[in-house]
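Worksheet for the structure shown next.
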Amino acid sequence: MQTSARNRFAGEVVDITHGAVNDEVTLRTADGLEIVAIITHGSATTLGLSAGKRAFALVKASSVIVMVDVSKNQVSARNCIAGTVTGLTKGAVNSEVTIEAGGAQIAAIVTTESVERLGLAAGKAASAIFKASSVIVGVES
């Protein structure tokens, strides 16, 4: 499968909480990274999601916020992944920041002004943050 989403996390559903309208799905990758997604109950049913099912999560780089000096309990977003900046491509308006966390690579598109204000550079600690509602869940057909 090919997509335009820069962030693809393959793994296994480890938890699913069913709701009347939305379900919360937790996916764990092979390297232990957990991604939380909020999807419609109908989508979870159609995909046949349950604990133990192989699935993947997609997150657009433009949906990822980059922060420094933050801990998980300081933000409302369910996905707050601490790591290290391993790549930085600056543009006139936006820049691409790559954060490595436990073997996973997470790409974010942020303004170049933010890159400079945060002092982002290769080797600097940073967190990739994205809302559970920004995660698309899929299964191989």
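Residues in the structure tokens are numbered from 1 in each chain, the chains being A, B, ... in the order shown, and ligands are numbered from 1 in the order shown.
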Write out as a Markdown table a residue-level contact list of region 36-130 of chain A versus region 18-24 of chain A with cut-off 8 Å: for each qualifying residue the closest pair of atoms and the distance in Å to one decimal, counting only C-alpha atoms, rows sorted by chain and residue number upward.
```
| residue | atom | partner | partner_atom | distance |
| --- | --- | --- | --- | --- |
| A:Val36 | CA | A:Glu24 | CA | 6.9 |
| A:Ala37 | CA | A:Glu24 | CA | 5.7 |
| A:Ile38 | CA | A:Glu24 | CA | 4.7 |
| A:Ile39 | CA | A:Asn22 | CA | 5.5 |
| A:Thr40 | CA | A:Asn22 | CA | 4.2 |
| A:His41 | CA | A:Asn22 | CA | 4.8 |
| A:Gly42 | CA | A:Val21 | CA | 7.8 |
| A:Ala44 | CA | A:Asp23 | CA | 7.0 |
```
TODO: Excluding region 56-64 of chain A and any residue of its chain fewer than 6 positions from it, enumerate the residues within 9 Å of it, using only C-alpha atoms, and give them as a PyMOL selection string.
DONE: chain A and resi 3-13+27+29+35-37+96+106-110+128-131+134-140
Would you save the residues from that selection as an mmCIF file, in the first residue's frame, using C-alpha atoms?
```
data_model
loop_
_atom_site.group_PDB
_atom_site.id
_atom_site.type_symbol
_atom_site.label_atom_id
_atom_site.label_comp_id
_atom_site.auth_asym_id
_atom_site.auth_seq_id
_atom_site.Cartn_x
_atom_site.Cartn_y
_atom_site.Cartn_z
ATOM 1 C CA THR A 3 -0.149 6.646 0.706
ATOM 2 C CA SER A 4 0.829 10.283 0.950
ATOM 3 C CA ALA A 5 0.864 10.087 4.763
ATOM 4 C CA ARG A 6 4.464 10.388 5.970
ATOM 5 C CA ASN A 7 3.864 8.449 9.166
ATOM 6 C CA ARG A 8 2.840 4.791 8.967
ATOM 7 C CA PHE A 9 2.930 2.607 12.045
ATOM 8 C CA ALA A 10 2.297 -1.124 11.589
ATOM 9 C CA GLY A 11 1.408 -3.211 14.593
ATOM 10 C CA GLU A 12 -1.253 -5.025 16.522
ATOM 11 C CA VAL A 13 -4.412 -3.796 18.196
ATOM 12 C CA LEU A 27 -2.123 -0.069 18.394
ATOM 13 C CA THR A 29 4.179 -1.465 17.032
ATOM 14 C CA ILE A 35 -0.555 4.858 19.027
ATOM 15 C CA VAL A 36 -4.079 5.767 20.145
ATOM 16 C CA ALA A 37 -6.771 6.435 17.541
ATOM 17 C CA GLU A 96 10.314 19.047 7.923
ATOM 18 C CA ILE A 106 7.942 10.446 12.997
ATOM 19 C CA ALA A 107 7.849 13.255 10.429
ATOM 20 C CA ALA A 108 6.339 16.649 11.204
ATOM 21 C CA ILE A 109 5.813 19.712 9.040
ATOM 22 C CA VAL A 110 6.120 22.895 11.101
ATOM 23 C CA ALA A 128 5.932 14.529 18.492
ATOM 24 C CA ILE A 129 2.323 15.187 19.498
ATOM 25 C CA PHE A 130 -0.871 14.381 17.626
ATOM 26 C CA LYS A 131 -4.504 13.926 18.558
ATOM 27 C CA SER A 134 -5.892 12.646 13.585
ATOM 28 C CA VAL A 135 -5.000 8.959 13.264
ATOM 29 C CA ILE A 136 -6.369 6.870 10.396
ATOM 30 C CA VAL A 137 -6.512 3.127 11.077
ATOM 31 C CA GLY A 138 -6.354 0.520 8.346
ATOM 32 C CA VAL A 139 -5.935 -3.205 7.811
ATOM 33 C CA GLU A 140 -4.352 -5.059 4.909
#
```
TODO: Run DSSP on the backbone and grab whatever in chain A lands in helix (DSSP H, G or I); send it over as number ranges by chain.
DONE: A: 41-47, 61-63, 72-74, 112-118, 132-134
Task: Filtered DSSP result for region 36-112 of chain A, state strand (DSSP E or B), as a PyMOL selection string - done: chain A and resi 36-40+54-59+65-67+79-90+94-101+104-111
Could you save the residues just selected, with C-alpha atoms, as a PDB file, in the first residue's frame?
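File written: part_19.pdb
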```pdb
ATOM      1  CA  VAL A  36      -4.079   5.767  20.145  1.00  0.00           C
ATOM      2  CA  ALA A  37      -6.771   6.435  17.541  1.00  0.00           C
ATOM      3  CA  ILE A  38     -10.381   7.557  17.796  1.00  0.00           C
ATOM      4  CA  ILE A  39     -12.442   6.223  14.898  1.00  0.00           C
ATOM      5  CA  THR A  40     -16.138   5.709  14.328  1.00  0.00           C
ATOM      6  CA  ARG A  54      -2.841  -6.704  12.775  1.00  0.00           C
ATOM      7  CA  ALA A  55      -3.447  -3.112  11.662  1.00  0.00           C
ATOM      8  CA  PHE A  56      -1.645   0.094  10.799  1.00  0.00           C
ATOM      9  CA  ALA A  57      -2.009   3.737  11.747  1.00  0.00           C
ATOM     10  CA  LEU A  58      -1.457   6.685   9.402  1.00  0.00           C
ATOM     11  CA  VAL A  59      -0.770  10.254  10.498  1.00  0.00           C
ATOM     12  CA  ILE A  65       3.002  19.184  16.589  1.00  0.00           C
ATOM     13  CA  VAL A  66       6.588  19.374  17.811  1.00  0.00           C
ATOM     14  CA  MET A  67       7.357  20.481  21.348  1.00  0.00           C
ATOM     15  CA  ASN A  79      -0.207  10.668  21.429  1.00  0.00           C
ATOM     16  CA  CYS A  80       2.834  12.371  22.965  1.00  0.00           C
ATOM     17  CA  ILE A  81       5.982  10.597  21.825  1.00  0.00           C
ATOM     18  CA  ALA A  82       9.326  11.715  23.231  1.00  0.00           C
ATOM     19  CA  GLY A  83      12.398  11.251  21.077  1.00  0.00           C
ATOM     20  CA  THR A  84      15.347  12.915  19.401  1.00  0.00           C
ATOM     21  CA  VAL A  85      15.490  15.081  16.288  1.00  0.00           C
ATOM     22  CA  THR A  86      17.314  13.065  13.634  1.00  0.00           C
ATOM     23  CA  GLY A  87      16.524  15.111  10.550  1.00  0.00           C
ATOM     24  CA  LEU A  88      15.718  18.696   9.691  1.00  0.00           C
ATOM     25  CA  THR A  89      15.028  20.161   6.256  1.00  0.00           C
ATOM     26  CA  LYS A  90      14.424  23.902   6.380  1.00  0.00           C
ATOM     27  CA  ASN A  94       7.848  25.368   6.481  1.00  0.00           C
ATOM     28  CA  SER A  95      10.384  22.814   7.592  1.00  0.00           C
ATOM     29  CA  GLU A  96      10.314  19.047   7.923  1.00  0.00           C
ATOM     30  CA  VAL A  97      11.405  17.690  11.300  1.00  0.00           C
ATOM     31  CA  THR A  98      12.089  13.986  11.818  1.00  0.00           C
ATOM     32  CA  ILE A  99      11.991  12.630  15.349  1.00  0.00           C
ATOM     33  CA  GLU A 100      13.202   9.145  16.238  1.00  0.00           C
ATOM     34  CA  ALA A 101      11.557   7.422  19.175  1.00  0.00           C
ATOM     35  CA  ALA A 104      10.183   4.660  14.955  1.00  0.00           C
ATOM     36  CA  GLN A 105      10.571   7.711  12.743  1.00  0.00           C
ATOM     37  CA  ILE A 106       7.942  10.446  12.997  1.00  0.00           C
ATOM     38  CA  ALA A 107       7.849  13.255  10.429  1.00  0.00           C
ATOM     39  CA  ALA A 108       6.339  16.649  11.204  1.00  0.00           C
ATOM     40  CA  ILE A 109       5.813  19.712   9.040  1.00  0.00           C
ATOM     41  CA  VAL A 110       6.120  22.895  11.101  1.00  0.00           C
ATOM     42  CA  THR A 111       6.884  26.511  10.317  1.00  0.00           C
TER      43      THR A 111
END
```
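Our summary of the geometry notes that CA of Val70 (chain A) is positioned 22.4 Å from CA of Asp31 (chain A).
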